[in-house]
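J.: One structure follows; several queries about it will come next.
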Amino acid sequence: ASELAFALDPLPLSELPPPPALTEEDARDLDAYTLAKSYFDLKEYDRAAYFLRGCKSQKAYFLYMYSRYLSGEKKKDDETVDSLGPLEKGQVKNEALRELRVELSKKHKARELDGFGLYLYGVVLRKLDLVKEAIDVFVEAAHVLPLHWGAWLELCNLITDKEMLKFLSLPDTWMKEFFLAHIYTELQLIEEALQKYQSLIDAGFSKSTYIISQIAVAYHNIRDIDKALSIFNELRKQDPYRIENMDTFSNLLYVRSMKPELSYLAHNLCEIDKYRVETCCVIGNYYSLRSQHEKAALYFQRALKLNPRYLGAWTLMGHEYMEMKNTSAAIQAYRHAIEVNKRDYRAWYGLGQTYEILKMPFYCLYYYRRAHQLRPNDSRMLVALGECYEKLNQLVEAKKCYWRAYAVGDVEKMALVKLAKLHEQLNESEQAAQCYIKYIQDIYSCGELVEHVEVSTAFRYLAQYYFKCKLWDEASACAQKCCAFNDTREEGKALLRQILQLRNQGETSSADIAAPFFLPASLSANNTPTRRVSPLNLSSVTP
């Protein structure tokens, strides 16, 4: 709230709202409340609750109940903090939750809870996995106290899809716009989220560092890495001592292997506050980039000791355990991440990868499906699903996944190759050739260096395919391209010798006879109409 207020133009004294008036109950409980608040700030929650017994004011009652809740959470964390290892099986519970629910439920039925009391009641219900009741209470809390961002955030964590959002009766307030922008980002509806944030900037929040950071996170979620890095760098200039969201910034630097920048960020955050969760995650990413995975895992564990419900640390620790081939620890970390946030596609995807290593395709299929539901337009999830279906011999489903991965924009440029190999396996040579042609065109059209091993595989297959079809020119051109790669050089030379030998023997080219392919008009002796699948135009392809 203070960040948003700072982003707005200051109000003159005459327009400032008056402070809320004290009630008789507030005045009576003031001394006890002040003493308990001091103990609360020192994290002596039981002591704070003890001195608030019998207080009647809304403020004192909330602090009393909240102290009891946090006391239970602290005891739970103390019991689990030493057993964060991979083999930890038991789930420690907050013993105070059931008592709190009974007491808050009575107050709720009597309509004696204010906005903060409703928020706490919702948190207790969520912790007890009473999701439907918790949603209703958080919506009620948003109506009673619309400026309490905590209630909006808790509500956000319980919304699983856009349809669910439509049925919520939310208060018509400007805070609703912030909530919608945030939930759209969480649900991977990035275009709608960016529109909401832009409208908030136009409404007067142009200097808000919170909005700038959320826009950067949105671009990070759609893997527009350059744009996200640019916004984070601008954010660092505006707020150089900011630690919030810097772990996301470090993820981007990690993906781009920007070791000096990541090292500088880690040292800088360490100077600001070395005991913040985000700082530990940034340092963990730095060590991971240096392939020091044991040290990286140690810092992610440190982050979790500071905040056991920090989602990013659980997921990143799972990745590190995967690098160390500790699959049981990785599974445990990913499961903790899902407990914190069921919408974390990285944890579902990580679990799929782990079970794939363990050669359990039915398990990894389930987890990849969940990841795909959260990221329907992410080609990595679709390729992983295709590989699973292929292992389970469900080849029709595998084909659909690979083609869909290509259609949504294949990040790793592997979907067409896998689809082509599947067609090869099924002796569907025309479809395989078509996939290899599109793959080569995509690789060269985006100006990438030909580091893909599969480029040589594609040229080799096309050379053999055109050779079988007696299209000597195309076969010769593909064979020459094979000679540029170490793994296909000898096969390319052998094929060129065969083509030359057949040409010397006067073998007729299929351009003059019936064949499954026709040459383009520019190469054909008789201007035959273009065929269903054209041969690869190699004139502009240079490795």
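Convention: chains lettered A, B, ... in structure tokens order; per-chain residue numbering from 1; ligands numbered from 1 as shown.
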For the structure I just gave you, how does DSSP split region 102-252 of chain A - specifically, which residues are helix (DSSP H, G or I)? Reply as a VMD selection string.
T.: chain A and resid 102 to 109 115 to 127 131 to 144 149 to 158 162 to 166 174 to 186 190 to 205 209 to 221 225 to 238 246 to 252
J.: Give me a file of those residues, with C-alpha atoms, as a CSV table (one decimal), in the first residue's frame.
T.:
```
chain,number,residue,atom,x,y,z
A,102,VAL,CA,-14.5,-23.3,16.2
A,103,GLU,CA,-14.0,-19.9,17.9
A,104,LEU,CA,-13.9,-17.9,14.7
A,105,SER,CA,-16.9,-19.8,13.3
A,106,LYS,CA,-19.1,-18.7,16.3
A,107,LYS,CA,-18.0,-15.1,15.8
A,108,HIS,CA,-18.7,-15.4,12.0
A,109,LYS,CA,-22.2,-16.7,12.5
A,115,GLY,CA,-12.3,-7.5,7.7
A,116,PHE,CA,-9.1,-8.7,9.5
A,117,GLY,CA,-11.0,-11.3,11.5
A,118,LEU,CA,-12.6,-12.6,8.3
A,119,TYR,CA,-9.1,-12.7,6.7
A,120,LEU,CA,-7.8,-14.8,9.5
A,121,TYR,CA,-10.8,-17.1,9.5
A,122,GLY,CA,-10.3,-17.7,5.7
A,123,VAL,CA,-6.6,-18.5,6.4
A,124,VAL,CA,-7.6,-21.1,9.0
A,125,LEU,CA,-10.1,-22.7,6.7
A,126,ARG,CA,-7.6,-22.8,3.9
A,127,LYS,CA,-5.0,-24.5,6.2
A,131,VAL,CA,-11.3,-24.6,0.1
A,132,LYS,CA,-14.9,-23.7,-0.8
A,133,GLU,CA,-15.6,-22.2,2.6
A,134,ALA,CA,-12.3,-20.3,2.5
A,135,ILE,CA,-13.1,-18.7,-0.8
A,136,ASP,CA,-16.5,-17.5,0.4
A,137,VAL,CA,-14.9,-16.0,3.5
A,138,PHE,CA,-12.1,-14.3,1.6
A,139,VAL,CA,-14.7,-12.8,-0.8
A,140,GLU,CA,-16.6,-11.5,2.2
A,141,ALA,CA,-13.4,-10.1,3.7
A,142,ALA,CA,-12.7,-8.2,0.4
A,143,HIS,CA,-16.2,-6.7,0.6
A,144,VAL,CA,-15.8,-5.6,4.2
A,149,TRP,CA,-4.3,-6.9,-0.1
A,150,GLY,CA,-3.6,-9.9,2.1
A,151,ALA,CA,-7.2,-11.2,1.6
A,152,TRP,CA,-7.0,-10.7,-2.2
A,153,LEU,CA,-3.7,-12.6,-2.3
A,154,GLU,CA,-5.1,-15.5,-0.3
A,155,LEU,CA,-8.1,-15.6,-2.6
A,156,CYS,CA,-5.8,-15.6,-5.6
A,157,ASN,CA,-4.0,-18.8,-4.3
A,158,LEU,CA,-7.3,-20.7,-4.3
A,162,LYS,CA,-10.7,-18.4,-15.3
A,163,GLU,CA,-14.1,-20.0,-15.2
A,164,MET,CA,-13.9,-20.2,-11.4
A,165,LEU,CA,-13.1,-16.5,-11.4
A,166,LYS,CA,-16.2,-15.6,-13.3
A,174,TRP,CA,-9.9,-0.2,-7.9
A,175,MET,CA,-8.2,-3.0,-5.8
A,176,LYS,CA,-10.1,-5.5,-7.9
A,177,GLU,CA,-8.1,-4.4,-10.9
A,178,PHE,CA,-4.8,-5.2,-9.1
A,179,PHE,CA,-6.3,-8.5,-8.1
A,180,LEU,CA,-7.4,-9.4,-11.6
A,181,ALA,CA,-4.0,-8.4,-13.0
A,182,HIS,CA,-2.2,-10.6,-10.4
A,183,ILE,CA,-4.5,-13.6,-10.9
A,184,TYR,CA,-4.2,-13.4,-14.7
A,185,THR,CA,-0.4,-13.5,-14.3
A,186,GLU,CA,-0.7,-16.6,-12.1
A,190,ILE,CA,-0.4,-12.9,-19.8
A,191,GLU,CA,-2.0,-10.8,-22.5
A,192,GLU,CA,-4.9,-9.9,-20.2
A,193,ALA,CA,-2.6,-9.3,-17.3
A,194,LEU,CA,-0.4,-6.8,-19.3
A,195,GLN,CA,-3.6,-5.0,-20.4
A,196,LYS,CA,-4.7,-4.6,-16.8
A,197,TYR,CA,-1.3,-3.3,-15.7
A,198,GLN,CA,-1.2,-0.9,-18.6
A,199,SER,CA,-4.6,0.5,-17.6
A,200,LEU,CA,-3.4,0.9,-14.0
A,201,ILE,CA,-0.3,2.8,-15.3
A,202,ASP,CA,-2.6,5.0,-17.4
A,203,ALA,CA,-4.7,5.6,-14.3
A,204,GLY,CA,-1.8,7.2,-12.4
A,205,PHE,CA,0.4,4.4,-11.1
A,209,THR,CA,7.7,-0.3,-8.8
A,210,TYR,CA,5.3,-3.0,-7.8
A,211,ILE,CA,3.6,-2.8,-11.2
A,212,ILE,CA,6.9,-2.6,-13.1
A,213,SER,CA,8.1,-5.8,-11.3
A,214,GLN,CA,4.8,-7.6,-12.0
A,215,ILE,CA,5.1,-6.7,-15.7
A,216,ALA,CA,8.7,-8.1,-15.7
A,217,VAL,CA,7.4,-11.3,-14.1
A,218,ALA,CA,4.7,-11.6,-16.7
A,219,TYR,CA,7.3,-11.4,-19.5
A,220,HIS,CA,9.3,-14.0,-17.6
A,221,ASN,CA,6.3,-16.3,-17.6
A,225,ILE,CA,13.7,-13.1,-21.7
A,226,ASP,CA,15.1,-10.0,-23.4
A,227,LYS,CA,12.1,-7.9,-22.5
A,228,ALA,CA,12.0,-9.2,-18.9
A,229,LEU,CA,15.7,-8.5,-18.4
A,230,SER,CA,15.3,-5.0,-19.8
A,231,ILE,CA,12.5,-4.2,-17.4
A,232,PHE,CA,14.3,-5.7,-14.4
A,233,ASN,CA,17.4,-3.7,-15.2
A,234,GLU,CA,15.2,-0.5,-15.3
A,235,LEU,CA,13.6,-1.5,-12.0
A,236,ARG,CA,17.0,-1.9,-10.4
A,237,LYS,CA,17.9,1.7,-11.5
A,238,GLN,CA,14.7,3.0,-9.9
A,246,MET,CA,15.2,-10.5,-7.6
A,247,ASP,CA,15.1,-14.3,-7.5
A,248,THR,CA,13.0,-14.2,-10.7
A,249,PHE,CA,15.6,-11.8,-12.1
A,250,SER,CA,18.4,-14.3,-11.2
A,251,ASN,CA,16.4,-17.1,-13.0
A,252,LEU,CA,16.6,-15.0,-16.2
```
J.: Leaving out region 12-23 of chain A and any residue of its chain fewer than 4 positions from it, which residues lie within 12 Å of it when counting only C-alpha atoms, given as a PyMOL selection string?
T.: chain A and resi 27-30+56-59
J.: Interatomic distance between CA of Glu3 (chain A) and CA of Thr315 (chain A)?
T.: 28.8 Å
J.: Between CA of Leu462 (chain A) and CA of Asp410 (chain A), what distance in Å does the model show, to one decimal?
T.: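 Between CA of Leu462 (chain A) and CA of Asp410 (chain A) the gap works out to 21.5 Å.
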J.: Extract, using only C-alpha atoms, all DNA, RNA and protein residues at most 9 Å from Glu454 (chain A), discarding same-chain residues fewer than 5 positions from it, and format them as JSON, numbers by chain.
T.: {"A": [414, 417, 459]}
J.: Identify, on the basis of only C-alpha atoms, every residue whose closest approach to Ala36 (chain A) does not exceed 10 Å; exclude the query and any residue fewer than 4 positions from it along the same chain; express the result as a PyMOL selection string.
T.: chain A and resi 30-32+40-42+44-52+60+63-64+67
J.: If you count only C-alpha atoms, which residues fall within 9 Å of region 316-333 of chain A, apart from same-chain ones fewer than 6 positions away, as an MDAnalysis selection string?
T.: chainID A and resid 85:89 281 284:285 288 291 293:294 296:301 347 350:351 353:355 357:358
J.: Which is closer to Asn393 (chain A) than all the others in A:Gln425, A:Asn268, A:Ser379, A:Ser38, using only C-alpha atoms?
T.: A:Gln425
J.: Just want the 7 Å neighbourhood of Tyr367 (chain A), counted on only C-alpha atoms, with same-chain residues fewer than 5 positions away dropped. Output as a PDB file with C-alpha atoms, in the first residue's frame.
T.:
```pdb
ATOM      1  CA  TRP A 348       4.613 -30.730 -12.098  1.00  0.00           C
ATOM      2  CA  TYR A 349       7.050 -30.771 -15.026  1.00  0.00           C
ATOM      3  CA  LEU A 351       8.028 -34.526 -11.231  1.00  0.00           C
ATOM      4  CA  GLY A 352       7.380 -35.765 -14.762  1.00  0.00           C
TER       5      GLY A 352
END
```
J.: Pick from A:Cys280, A:Ile222, A:Tyr66, A:Leu97: nearest to Asp129 (chain A), with only C-alpha atoms counted?
T.: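 Under the stated criterion, the closest residue is A:Leu97.
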J.: Can you pull out the residues contacting region 473-488 of chain A? Cut-off 8 Å, using only C-alpha atoms, and skip same-chain residues under 3 positions away; I want them as a list in words.
T.: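 Final neighbour list, sorted by chain and number: Ser456, Thr457, Phe459, Arg460, Leu462, Ala463, Gln464, Tyr465, Tyr466, Phe467, Lys470, Glu491, Gly492, Lys493, Leu495, Leu496, Ile499, Pro535, Leu536, Leu538 and Pro543 of chain A.
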J.: My list of candidates is A:Tyr389, A:Tyr264, A:Trp403, A:Tyr345. Which is closest to Cys364 (chain A) when distances are computed with only C-alpha atoms?
T.: A:Tyr389
